[in-house]
$ cat upload.txt   # compact mmCIF, N, CA, C and O atoms
# COMPACT_ATOMS: atom_id res chain seq x y z
N GLY A 504 0.80 -1.18 0.00
CA GLY A 504 0.00 0.00 0.00
C GLY A 504 0.86 1.26 0.00
O GLY A 504 0.56 2.22 -0.70
N GLY A 505 1.90 1.24 0.79
CA GLY A 505 2.79 2.39 0.85
C GLY A 505 3.50 2.63 -0.47
O GLY A 505 3.67 3.78 -0.90
N SER A 506 3.88 1.56 -1.14
CA SER A 506 4.53 1.70 -2.45
C SER A 506 3.57 2.29 -3.48
O SER A 506 3.94 3.16 -4.26
N TRP A 507 2.35 1.83 -3.46
CA TRP A 507 1.36 2.34 -4.41
C TRP A 507 1.07 3.81 -4.14
O TRP A 507 0.99 4.61 -5.08
N LEU A 508 0.89 4.18 -2.87
CA LEU A 508 0.63 5.57 -2.53
C LEU A 508 1.79 6.47 -2.96
O LEU A 508 1.58 7.57 -3.48
N THR A 509 3.00 6.00 -2.74
CA THR A 509 4.17 6.77 -3.14
C THR A 509 4.20 6.96 -4.65
O THR A 509 4.45 8.07 -5.14
N ALA A 510 3.95 5.89 -5.39
CA ALA A 510 3.95 5.99 -6.85
C ALA A 510 2.80 6.85 -7.36
O ALA A 510 2.92 7.53 -8.37
N ARG A 511 1.70 6.83 -6.66
CA ARG A 511 0.51 7.56 -7.10
C ARG A 511 0.63 9.05 -6.86
O ARG A 511 0.24 9.86 -7.70
N PHE A 512 1.18 9.44 -5.71
CA PHE A 512 1.15 10.84 -5.32
C PHE A 512 2.49 11.55 -5.38
O PHE A 512 2.60 12.71 -4.98
N THR A 513 3.52 10.89 -5.86
CA THR A 513 4.81 11.54 -6.06
C THR A 513 5.29 11.24 -7.46
O THR A 513 4.59 10.60 -8.24
N ARG A 514 6.49 11.66 -7.76
CA ARG A 514 7.05 11.38 -9.08
C ARG A 514 7.72 10.01 -9.13
O ARG A 514 8.27 9.62 -10.16
N ALA A 515 7.68 9.26 -8.06
CA ALA A 515 8.29 7.93 -8.02
C ALA A 515 7.54 7.00 -8.98
O ALA A 515 6.34 7.13 -9.19
N GLU A 516 8.27 6.08 -9.57
CA GLU A 516 7.69 5.12 -10.51
C GLU A 516 8.18 3.72 -10.17
O GLU A 516 9.29 3.54 -9.69
N LEU A 517 7.35 2.76 -10.49
CA LEU A 517 7.73 1.36 -10.34
C LEU A 517 8.71 1.02 -11.45
O LEU A 517 8.55 1.46 -12.59
N ASN A 518 9.73 0.27 -11.14
CA ASN A 518 10.70 -0.15 -12.13
C ASN A 518 9.98 -0.83 -13.30
O ASN A 518 9.03 -1.58 -13.10
N SER A 519 10.44 -0.58 -14.50
CA SER A 519 9.77 -1.13 -15.69
C SER A 519 9.84 -2.66 -15.74
O SER A 519 9.05 -3.29 -16.44
N ASP A 520 10.75 -3.26 -15.01
CA ASP A 520 10.86 -4.72 -14.98
C ASP A 520 9.85 -5.36 -14.02
O ASP A 520 9.73 -6.58 -13.99
N LEU A 521 9.15 -4.55 -13.24
CA LEU A 521 8.20 -5.05 -12.26
C LEU A 521 6.78 -4.63 -12.63
O LEU A 521 6.58 -3.65 -13.32
N ALA A 522 5.84 -5.41 -12.14
CA ALA A 522 4.42 -5.06 -12.24
C ALA A 522 3.87 -5.01 -10.82
O ALA A 522 4.48 -5.54 -9.88
N TRP A 523 2.71 -4.41 -10.67
CA TRP A 523 2.11 -4.32 -9.34
C TRP A 523 1.78 -5.70 -8.79
O TRP A 523 1.80 -5.91 -7.58
N ARG A 524 1.50 -6.67 -9.65
CA ARG A 524 1.25 -8.02 -9.16
C ARG A 524 2.50 -8.60 -8.50
O ARG A 524 2.41 -9.38 -7.57
N ASP A 525 3.69 -8.22 -8.98
CA ASP A 525 4.94 -8.67 -8.36
C ASP A 525 5.08 -8.10 -6.95
O ASP A 525 5.42 -8.82 -6.01
N VAL A 526 4.81 -6.82 -6.82
CA VAL A 526 4.89 -6.16 -5.51
C VAL A 526 3.89 -6.79 -4.55
O VAL A 526 4.21 -7.07 -3.39
N GLY A 527 2.68 -7.06 -5.02
CA GLY A 527 1.66 -7.67 -4.18
C GLY A 527 2.03 -9.06 -3.72
O GLY A 527 1.86 -9.41 -2.55
N ALA A 528 2.56 -9.87 -4.63
CA ALA A 528 2.95 -11.24 -4.27
C ALA A 528 4.06 -11.25 -3.23
O ALA A 528 4.03 -12.03 -2.27
N VAL A 529 5.05 -10.40 -3.41
CA VAL A 529 6.15 -10.36 -2.45
C VAL A 529 5.68 -9.81 -1.11
O VAL A 529 6.14 -10.26 -0.05
N SER A 530 4.74 -8.88 -1.11
CA SER A 530 4.24 -8.36 0.17
C SER A 530 3.48 -9.43 0.93
O SER A 530 3.56 -9.50 2.16
N VAL A 531 2.74 -10.28 0.23
CA VAL A 531 2.05 -11.39 0.91
C VAL A 531 3.07 -12.39 1.44
O VAL A 531 2.92 -12.93 2.53
N LEU A 532 4.11 -12.62 0.67
CA LEU A 532 5.16 -13.53 1.11
C LEU A 532 5.80 -13.04 2.41
O LEU A 532 6.20 -13.85 3.25
N ALA A 533 5.86 -11.75 2.62
CA ALA A 533 6.42 -11.19 3.86
C ALA A 533 5.58 -11.56 5.07
O ALA A 533 6.05 -11.49 6.21
N GLY A 534 4.33 -11.99 4.88
CA GLY A 534 3.47 -12.40 5.98
C GLY A 534 3.95 -13.66 6.69
O GLY A 534 3.45 -14.01 7.75
N ILE A 535 4.92 -14.33 6.13
CA ILE A 535 5.44 -15.55 6.74
C ILE A 535 6.27 -15.24 7.99
O ILE A 535 6.35 -16.04 8.91
N GLY A 536 6.86 -14.06 8.07
CA GLY A 536 7.74 -13.71 9.19
C GLY A 536 6.99 -13.68 10.50
O GLY A 536 6.36 -12.69 10.85
N PHE A 537 7.06 -14.72 11.28
CA PHE A 537 6.24 -14.87 12.48
C PHE A 537 7.03 -14.94 13.77
O PHE A 537 6.45 -15.05 14.84
N THR A 538 8.33 -14.88 13.71
CA THR A 538 9.14 -15.07 14.91
C THR A 538 8.82 -14.03 15.99
O THR A 538 8.66 -14.38 17.16
N VAL A 539 8.71 -12.78 15.62
CA VAL A 539 8.42 -11.73 16.59
C VAL A 539 7.02 -11.92 17.17
O VAL A 539 6.81 -11.70 18.37
N ALA A 540 6.06 -12.32 16.34
CA ALA A 540 4.70 -12.55 16.84
C ALA A 540 4.67 -13.65 17.88
O ALA A 540 3.92 -13.56 18.86
N LEU A 541 5.47 -14.69 17.71
CA LEU A 541 5.53 -15.76 18.71
C LEU A 541 6.11 -15.23 20.03
O LEU A 541 5.63 -15.57 21.11
N LEU A 542 7.14 -14.39 19.93
CA LEU A 542 7.73 -13.80 21.14
C LEU A 542 6.72 -12.91 21.85
O LEU A 542 6.58 -12.98 23.08
N ILE A 543 6.02 -12.09 21.11
CA ILE A 543 5.03 -11.20 21.72
C ILE A 543 3.92 -11.99 22.38
O ILE A 543 3.46 -11.65 23.47
N ALA A 544 3.47 -13.06 21.74
CA ALA A 544 2.43 -13.91 22.34
C ALA A 544 2.91 -14.51 23.65
O ALA A 544 2.17 -14.56 24.63
N GLN A 545 4.16 -14.95 23.66
CA GLN A 545 4.74 -15.54 24.88
C GLN A 545 4.78 -14.51 26.00
O GLN A 545 4.44 -14.81 27.15
N LEU A 546 5.16 -13.30 25.68
CA LEU A 546 5.25 -12.25 26.71
C LEU A 546 3.87 -11.75 27.13
O LEU A 546 3.65 -11.46 28.31
N ALA A 547 2.94 -11.65 26.19
CA ALA A 547 1.63 -11.09 26.49
C ALA A 547 0.78 -12.02 27.36
O ALA A 547 0.01 -11.57 28.19
N PHE A 548 0.93 -13.32 27.14
CA PHE A 548 0.08 -14.28 27.84
C PHE A 548 0.91 -15.18 28.76
O PHE A 548 0.61 -16.37 28.91
N ALA A 549 1.93 -14.63 29.38
CA ALA A 549 2.84 -15.42 30.21
C ALA A 549 2.14 -16.14 31.35
O ALA A 549 2.56 -17.22 31.77
N ASP A 550 1.03 -15.58 31.84
CA ASP A 550 0.33 -16.18 32.98
C ASP A 550 -0.65 -17.27 32.58
O ASP A 550 -1.17 -17.97 33.45
N ASP A 551 -0.95 -17.42 31.31
CA ASP A 551 -1.97 -18.37 30.85
C ASP A 551 -1.40 -19.25 29.74
O ASP A 551 -1.36 -18.86 28.57
N ALA A 552 -0.95 -20.44 30.12
CA ALA A 552 -0.30 -21.33 29.15
C ALA A 552 -1.24 -21.73 28.02
O ALA A 552 -0.80 -21.85 26.86
N ALA A 553 -2.51 -21.93 28.32
CA ALA A 553 -3.46 -22.31 27.28
C ALA A 553 -3.62 -21.19 26.25
O ALA A 553 -3.70 -21.44 25.05
N GLN A 554 -3.65 -19.96 26.73
CA GLN A 554 -3.77 -18.81 25.82
C GLN A 554 -2.51 -18.67 24.96
O GLN A 554 -2.60 -18.32 23.77
N VAL A 555 -1.36 -18.94 25.52
CA VAL A 555 -0.11 -18.90 24.76
C VAL A 555 -0.16 -19.92 23.63
O VAL A 555 0.21 -19.62 22.49
N GLU A 556 -0.62 -21.12 23.93
CA GLU A 556 -0.70 -22.16 22.91
C GLU A 556 -1.68 -21.79 21.80
O GLU A 556 -1.42 -22.02 20.62
N ARG A 557 -2.82 -21.20 22.16
CA ARG A 557 -3.79 -20.75 21.14
C ARG A 557 -3.20 -19.64 20.28
O ARG A 557 -3.37 -19.62 19.06
N ALA A 558 -2.49 -18.72 20.91
CA ALA A 558 -1.87 -17.63 20.16
C ALA A 558 -0.80 -18.16 19.22
O ALA A 558 -0.71 -17.74 18.05
N LYS A 559 0.00 -19.10 19.68
CA LYS A 559 1.03 -19.70 18.82
C LYS A 559 0.39 -20.43 17.64
O LYS A 559 0.87 -20.32 16.51
N ALA A 560 -0.68 -21.15 17.90
CA ALA A 560 -1.37 -21.87 16.81
C ALA A 560 -1.93 -20.88 15.80
O ALA A 560 -1.85 -21.11 14.58
N ALA A 561 -2.48 -19.78 16.27
CA ALA A 561 -3.03 -18.77 15.36
C ALA A 561 -1.94 -18.12 14.52
O ALA A 561 -2.11 -17.91 13.32
N VAL A 562 -0.80 -17.81 15.14
CA VAL A 562 0.32 -17.21 14.41
C VAL A 562 0.84 -18.18 13.35
O VAL A 562 1.09 -17.81 12.20
N LEU A 563 1.00 -19.44 13.73
CA LEU A 563 1.48 -20.43 12.76
C LEU A 563 0.48 -20.66 11.64
O LEU A 563 0.87 -20.78 10.47
N ALA A 564 -0.82 -20.69 11.95
CA ALA A 564 -1.84 -20.85 10.92
C ALA A 564 -1.82 -19.66 9.96
O ALA A 564 -1.92 -19.82 8.74
N GLY A 565 -1.67 -18.46 10.50
CA GLY A 565 -1.59 -17.28 9.65
C GLY A 565 -0.37 -17.30 8.76
O GLY A 565 -0.43 -16.90 7.59
N SER A 566 0.74 -17.79 9.28
CA SER A 566 1.96 -17.89 8.48
C SER A 566 1.82 -18.91 7.36
O SER A 566 2.26 -18.67 6.23
N VAL A 567 1.21 -20.02 7.66
CA VAL A 567 0.98 -21.04 6.63
C VAL A 567 0.03 -20.49 5.55
O VAL A 567 0.27 -20.67 4.35
N LEU A 568 -1.00 -19.81 5.98
CA LEU A 568 -1.94 -19.21 5.03
C LEU A 568 -1.24 -18.18 4.15
O LEU A 568 -1.44 -18.15 2.93
N ALA A 569 -0.40 -17.34 4.74
CA ALA A 569 0.35 -16.35 3.96
C ALA A 569 1.27 -17.03 2.96
O ALA A 569 1.39 -16.60 1.81
N ALA A 570 1.91 -18.11 3.37
CA ALA A 570 2.80 -18.84 2.46
C ALA A 570 2.02 -19.44 1.29
O ALA A 570 2.47 -19.39 0.14
N LEU A 571 0.86 -20.01 1.57
CA LEU A 571 0.05 -20.60 0.50
C LEU A 571 -0.47 -19.55 -0.47
O LEU A 571 -0.42 -19.75 -1.69
N ILE A 572 -0.95 -18.43 0.05
CA ILE A 572 -1.44 -17.37 -0.83
C ILE A 572 -0.29 -16.80 -1.66
O ILE A 572 -0.44 -16.56 -2.87
N ALA A 573 0.86 -16.59 -1.04
CA ALA A 573 2.02 -16.07 -1.77
C ALA A 573 2.46 -17.05 -2.85
O ALA A 573 2.80 -16.64 -3.97
N ALA A 574 2.44 -18.34 -2.55
CA ALA A 574 2.81 -19.34 -3.56
C ALA A 574 1.86 -19.29 -4.74
O ALA A 574 2.29 -19.34 -5.90
N LEU A 575 0.57 -19.15 -4.46
CA LEU A 575 -0.42 -19.04 -5.53
C LEU A 575 -0.19 -17.79 -6.38
O LEU A 575 -0.18 -17.84 -7.61
N LEU A 576 0.03 -16.65 -5.72
CA LEU A 576 0.25 -15.41 -6.45
C LEU A 576 1.54 -15.44 -7.27
O LEU A 576 1.57 -14.97 -8.41
N LEU A 577 2.59 -16.00 -6.71
CA LEU A 577 3.85 -16.10 -7.45
C LEU A 577 3.74 -17.08 -8.61
O LEU A 577 4.33 -16.87 -9.67
N PHE A 578 2.98 -18.15 -8.43
CA PHE A 578 2.76 -19.10 -9.52
C PHE A 578 2.01 -18.40 -10.66
O PHE A 578 2.38 -18.54 -11.83
N ARG A 579 0.98 -17.65 -10.31
CA ARG A 579 0.23 -16.91 -11.33
C ARG A 579 1.11 -15.87 -12.01
O ARG A 579 1.02 -15.65 -13.20
N ARG A 580 1.98 -15.24 -11.24
CA ARG A 580 2.91 -14.26 -11.80
C ARG A 580 3.83 -14.91 -12.82
O ARG A 580 4.03 -14.39 -13.91
N ASN A 581 4.38 -16.06 -12.47
CA ASN A 581 5.28 -16.76 -13.39
C ASN A 581 4.56 -17.17 -14.66
O ASN A 581 5.12 -17.09 -15.76
N ARG A 582 3.31 -17.61 -14.54
CA ARG A 582 2.54 -17.98 -15.72
C ARG A 582 2.26 -16.75 -16.61
O ARG A 582 2.29 -16.85 -17.83
N ALA A 583 2.02 -15.61 -15.98
CA ALA A 583 1.74 -14.39 -16.76
C ALA A 583 2.98 -13.95 -17.55
O ALA A 583 2.86 -13.51 -18.68
N TYR A 584 4.16 -14.11 -16.95
CA TYR A 584 5.38 -13.72 -17.66
C TYR A 584 5.81 -14.77 -18.67
O TYR A 584 6.57 -14.46 -19.59
N ALA A 585 5.38 -16.00 -18.50
CA ALA A 585 5.76 -17.07 -19.45
C ALA A 585 5.04 -16.92 -20.78
O ALA A 585 5.52 -17.35 -21.80
N ASP A 586 3.85 -16.30 -20.73
CA ASP A 586 3.06 -16.14 -21.97
C ASP A 586 3.61 -15.12 -22.88
O ASP A 586 4.26 -14.31 -22.93
$ encode --input "upload.txt" --output "structure tokens"
Amino acid sequence: GGSWLTARFTRAELNSDLAWRDVGAVSVLAGIGFTVALLIAQLAFADDAAQVERAKAAVLAGSVLAALIAALLLFRRNRAYAD
């Protein structure tokens, strides 16, 4: 979103070798980074072990979902450039 806003409202431009679908796919791929979220869950729910486990499961499920969506988007991107 920040990249699009910058390109839209300033003189900045997306590199001609890239398309917005590339930027979108890579941004979804960034959703896999879950290490800090696991640490925060551990610190936030230190008094409730069951809540920590639920939070960890949710973070891991979100990371897996982000990886699957990114894989789909990158696969579609590769097919678009292959044509």
$ closest_residue --input "upload.txt" --among "A:Leu546, A:Leu571, A:Leu577, A:Ala583" --to "Asp525 in chain A" --atoms "only C-alpha atoms"
A:Leu577
$ residues_around --input "upload.txt" --residues "Arg557 in chain A" --least-positions-apart "5" --cutoff "12 Å" --atoms "only C-alpha atoms" --output "PyMOL selection string"
chain A and resi 541+544-545+548+551-552+562-564
$ atom_distance --input "upload.txt" --atom1 "atom C of Ala522 in chain A" --atom2 "atom C of Gly534 in chain A"
19.5 Å
$ residues_around --input "upload.txt" --residues "Leu517 in chain A" --least-positions-apart "4" --cutoff "10 Å" --atoms "only C-alpha atoms" --output "list in words"
Ser506, Trp507, Thr509, Ala510, Leu521, Ala522, Trp523 and Val526 of chain A
$ atom_distance --input "upload.txt" --atom1 "atom O of Phe578 in chain A" --atom2 "atom C of Ser519 in chain A"
18.0 Å
$ atom_distance --input "upload.txt" --atom1 "CA of Phe537 in chain A" --atom2 "atom C of Leu508 in chain A"
26.7 Å
$ residues_around --input "upload.txt" --residues "Val531 in chain A" --least-positions-apart "4" --cutoff "8 Å" --atoms "only C-alpha atoms" --output "JSON, numbers by chain"
{"A": [527, 535, 569, 570, 572, 573]}
$ closest_residue --input "upload.txt" --among "A:Ala553, A:Leu576, A:Ala558, A:Ala528" --to "Ala540 in chain A" --atoms "all atoms listed in the file"
A:Ala558
$ select_by_dssp --input "upload.txt" --residues "chain A" --states "alpha helix (DSSP H)" --output "MDAnalysis selection string"
chainID A and resid 505:512 523:532 538:547 552:585
$ axis_aligned_box --input "upload.txt" --around "range 546-552 of chain A" --padding-each-side "4 Å" --output "lines of an AutoDock Vina configuration file"
center_x = 1.6
center_y = -16.5
center_z = 29.6
size_x = 15.2
size_y = 18.8
size_z = 15.8
$ closest_residue --input "upload.txt" --among "A:Ser566, A:Ala561, A:Leu542, A:Ala574" --to "Val529 in chain A" --atoms "only C-alpha atoms"
A:Ala574
$ decode --input "upload.txt" --residues "range 573-584 of chain A" --atoms "all heavy atoms" --output "PDB file, in the first residue's frame"
ATOM      1  N   ALA A 573       0.864 -16.589  -1.036  1.00  0.00           N
ATOM      2  CA  ALA A 573       2.023 -16.073  -1.770  1.00  0.00           C
ATOM      3  C   ALA A 573       2.457 -17.047  -2.855  1.00  0.00           C
ATOM      4  O   ALA A 573       2.796 -16.637  -3.968  1.00  0.00           O
ATOM      5  CB  ALA A 573       3.176 -15.800  -0.810  1.00  0.00           C
ATOM      6  N   ALA A 574       2.442 -18.343  -2.549  1.00  0.00           N
ATOM      7  CA  ALA A 574       2.812 -19.341  -3.556  1.00  0.00           C
ATOM      8  C   ALA A 574       1.857 -19.286  -4.737  1.00  0.00           C
ATOM      9  O   ALA A 574       2.286 -19.335  -5.898  1.00  0.00           O
ATOM     10  CB  ALA A 574       2.821 -20.733  -2.940  1.00  0.00           C
ATOM     11  N   LEU A 575       0.570 -19.150  -4.463  1.00  0.00           N
ATOM     12  CA  LEU A 575      -0.418 -19.045  -5.533  1.00  0.00           C
ATOM     13  C   LEU A 575      -0.188 -17.790  -6.376  1.00  0.00           C
ATOM     14  O   LEU A 575      -0.181 -17.843  -7.609  1.00  0.00           O
ATOM     15  CB  LEU A 575      -1.828 -19.033  -4.946  1.00  0.00           C
ATOM     16  CG  LEU A 575      -2.957 -18.803  -5.944  1.00  0.00           C
ATOM     17  CD1 LEU A 575      -3.075 -19.989  -6.885  1.00  0.00           C
ATOM     18  CD2 LEU A 575      -4.254 -18.562  -5.223  1.00  0.00           C
ATOM     19  N   LEU A 576       0.026 -16.652  -5.719  1.00  0.00           N
ATOM     20  CA  LEU A 576       0.250 -15.406  -6.446  1.00  0.00           C
ATOM     21  C   LEU A 576       1.535 -15.443  -7.269  1.00  0.00           C
ATOM     22  O   LEU A 576       1.565 -14.970  -8.409  1.00  0.00           O
ATOM     23  CB  LEU A 576       0.281 -14.231  -5.476  1.00  0.00           C
ATOM     24  CG  LEU A 576      -1.050 -13.894  -4.802  1.00  0.00           C
ATOM     25  CD1 LEU A 576      -0.842 -12.831  -3.738  1.00  0.00           C
ATOM     26  CD2 LEU A 576      -2.073 -13.447  -5.829  1.00  0.00           C
ATOM     27  N   LEU A 577       2.593 -16.005  -6.706  1.00  0.00           N
ATOM     28  CA  LEU A 577       3.848 -16.095  -7.445  1.00  0.00           C
ATOM     29  C   LEU A 577       3.745 -17.083  -8.606  1.00  0.00           C
ATOM     30  O   LEU A 577       4.327 -16.866  -9.669  1.00  0.00           O
ATOM     31  CB  LEU A 577       4.991 -16.465  -6.505  1.00  0.00           C
ATOM     32  CG  LEU A 577       5.378 -15.357  -5.521  1.00  0.00           C
ATOM     33  CD1 LEU A 577       6.343 -15.891  -4.479  1.00  0.00           C
ATOM     34  CD2 LEU A 577       5.972 -14.169  -6.253  1.00  0.00           C
ATOM     35  N   PHE A 578       2.981 -18.152  -8.431  1.00  0.00           N
ATOM     36  CA  PHE A 578       2.757 -19.096  -9.522  1.00  0.00           C
ATOM     37  C   PHE A 578       2.012 -18.403 -10.660  1.00  0.00           C
ATOM     38  O   PHE A 578       2.379 -18.545 -11.828  1.00  0.00           O
ATOM     39  CB  PHE A 578       1.960 -20.307  -9.011  1.00  0.00           C
ATOM     40  CG  PHE A 578       1.604 -21.286 -10.081  1.00  0.00           C
ATOM     41  CD1 PHE A 578       2.573 -22.119 -10.627  1.00  0.00           C
ATOM     42  CD2 PHE A 578       0.309 -21.374 -10.567  1.00  0.00           C
ATOM     43  CE1 PHE A 578       2.255 -23.013 -11.628  1.00  0.00           C
ATOM     44  CE2 PHE A 578      -0.016 -22.264 -11.560  1.00  0.00           C
ATOM     45  CZ  PHE A 578       0.959 -23.094 -12.096  1.00  0.00           C
ATOM     46  N   ARG A 579       0.976 -17.647 -10.309  1.00  0.00           N
ATOM     47  CA  ARG A 579       0.228 -16.905 -11.328  1.00  0.00           C
ATOM     48  C   ARG A 579       1.113 -15.871 -12.007  1.00  0.00           C
ATOM     49  O   ARG A 579       1.018 -15.647 -13.204  1.00  0.00           O
ATOM     50  CB  ARG A 579      -0.988 -16.231 -10.705  1.00  0.00           C
ATOM     51  CG  ARG A 579      -2.071 -17.232 -10.342  1.00  0.00           C
ATOM     52  CD  ARG A 579      -3.287 -16.565  -9.784  1.00  0.00           C
ATOM     53  NE  ARG A 579      -3.855 -15.648 -10.776  1.00  0.00           N
ATOM     54  CZ  ARG A 579      -4.696 -14.676 -10.471  1.00  0.00           C
ATOM     55  NH1 ARG A 579      -5.042 -14.474  -9.228  1.00  0.00           N
ATOM     56  NH2 ARG A 579      -5.159 -13.896 -11.414  1.00  0.00           N
ATOM     57  N   ARG A 580       1.981 -15.244 -11.237  1.00  0.00           N
ATOM     58  CA  ARG A 580       2.914 -14.255 -11.799  1.00  0.00           C
ATOM     59  C   ARG A 580       3.826 -14.907 -12.818  1.00  0.00           C
ATOM     60  O   ARG A 580       4.032 -14.386 -13.906  1.00  0.00           O
ATOM     61  CB  ARG A 580       3.729 -13.628 -10.675  1.00  0.00           C
ATOM     62  CG  ARG A 580       4.795 -12.684 -11.148  1.00  0.00           C
ATOM     63  CD  ARG A 580       5.983 -12.696 -10.184  1.00  0.00           C
ATOM     64  NE  ARG A 580       7.067 -11.899 -10.675  1.00  0.00           N
ATOM     65  CZ  ARG A 580       8.035 -12.357 -11.463  1.00  0.00           C
ATOM     66  NH1 ARG A 580       8.033 -13.589 -11.864  1.00  0.00           N
ATOM     67  NH2 ARG A 580       9.003 -11.575 -11.875  1.00  0.00           N
ATOM     68  N   ASN A 581       4.377 -16.057 -12.471  1.00  0.00           N
ATOM     69  CA  ASN A 581       5.279 -16.758 -13.393  1.00  0.00           C
ATOM     70  C   ASN A 581       4.557 -17.172 -14.664  1.00  0.00           C
ATOM     71  O   ASN A 581       5.119 -17.092 -15.758  1.00  0.00           O
ATOM     72  CB  ASN A 581       5.908 -17.968 -12.716  1.00  0.00           C
ATOM     73  CG  ASN A 581       6.979 -17.568 -11.727  1.00  0.00           C
ATOM     74  OD1 ASN A 581       7.485 -16.459 -11.764  1.00  0.00           O
ATOM     75  ND2 ASN A 581       7.304 -18.464 -10.821  1.00  0.00           N
ATOM     76  N   ARG A 582       3.309 -17.609 -14.536  1.00  0.00           N
ATOM     77  CA  ARG A 582       2.540 -17.976 -15.724  1.00  0.00           C
ATOM     78  C   ARG A 582       2.264 -16.751 -16.609  1.00  0.00           C
ATOM     79  O   ARG A 582       2.289 -16.848 -17.827  1.00  0.00           O
ATOM     80  CB  ARG A 582       1.231 -18.638 -15.326  1.00  0.00           C
ATOM     81  CG  ARG A 582       1.458 -20.050 -14.787  1.00  0.00           C
ATOM     82  CD  ARG A 582       0.166 -20.752 -14.527  1.00  0.00           C
ATOM     83  NE  ARG A 582      -0.501 -21.051 -15.784  1.00  0.00           N
ATOM     84  CZ  ARG A 582      -1.738 -21.481 -15.880  1.00  0.00           C
ATOM     85  NH1 ARG A 582      -2.455 -21.669 -14.795  1.00  0.00           N
ATOM     86  NH2 ARG A 582      -2.271 -21.754 -17.042  1.00  0.00           N
ATOM     87  N   ALA A 583       2.017 -15.606 -15.983  1.00  0.00           N
ATOM     88  CA  ALA A 583       1.743 -14.394 -16.760  1.00  0.00           C
ATOM     89  C   ALA A 583       2.976 -13.954 -17.549  1.00  0.00           C
ATOM     90  O   ALA A 583       2.855 -13.510 -18.681  1.00  0.00           O
ATOM     91  CB  ALA A 583       1.292 -13.267 -15.830  1.00  0.00           C
ATOM     92  N   TYR A 584       4.155 -14.112 -16.952  1.00  0.00           N
ATOM     93  CA  TYR A 584       5.376 -13.724 -17.657  1.00  0.00           C
ATOM     94  C   TYR A 584       5.814 -14.769 -18.672  1.00  0.00           C
ATOM     95  O   TYR A 584       6.567 -14.457 -19.590  1.00  0.00           O
ATOM     96  CB  TYR A 584       6.507 -13.443 -16.667  1.00  0.00           C
ATOM     97  CG  TYR A 584       6.360 -12.121 -15.979  1.00  0.00           C
ATOM     98  CD1 TYR A 584       6.136 -12.044 -14.614  1.00  0.00           C
ATOM     99  CD2 TYR A 584       6.423 -10.939 -16.694  1.00  0.00           C
ATOM    100  CE1 TYR A 584       5.991 -10.832 -13.983  1.00  0.00           C
ATOM    101  CE2 TYR A 584       6.278  -9.713 -16.072  1.00  0.00           C
ATOM    102  CZ  TYR A 584       6.069  -9.669 -14.720  1.00  0.00           C
ATOM    103  OH  TYR A 584       5.925  -8.458 -14.091  1.00  0.00           O
TER     104      TYR A 584
END
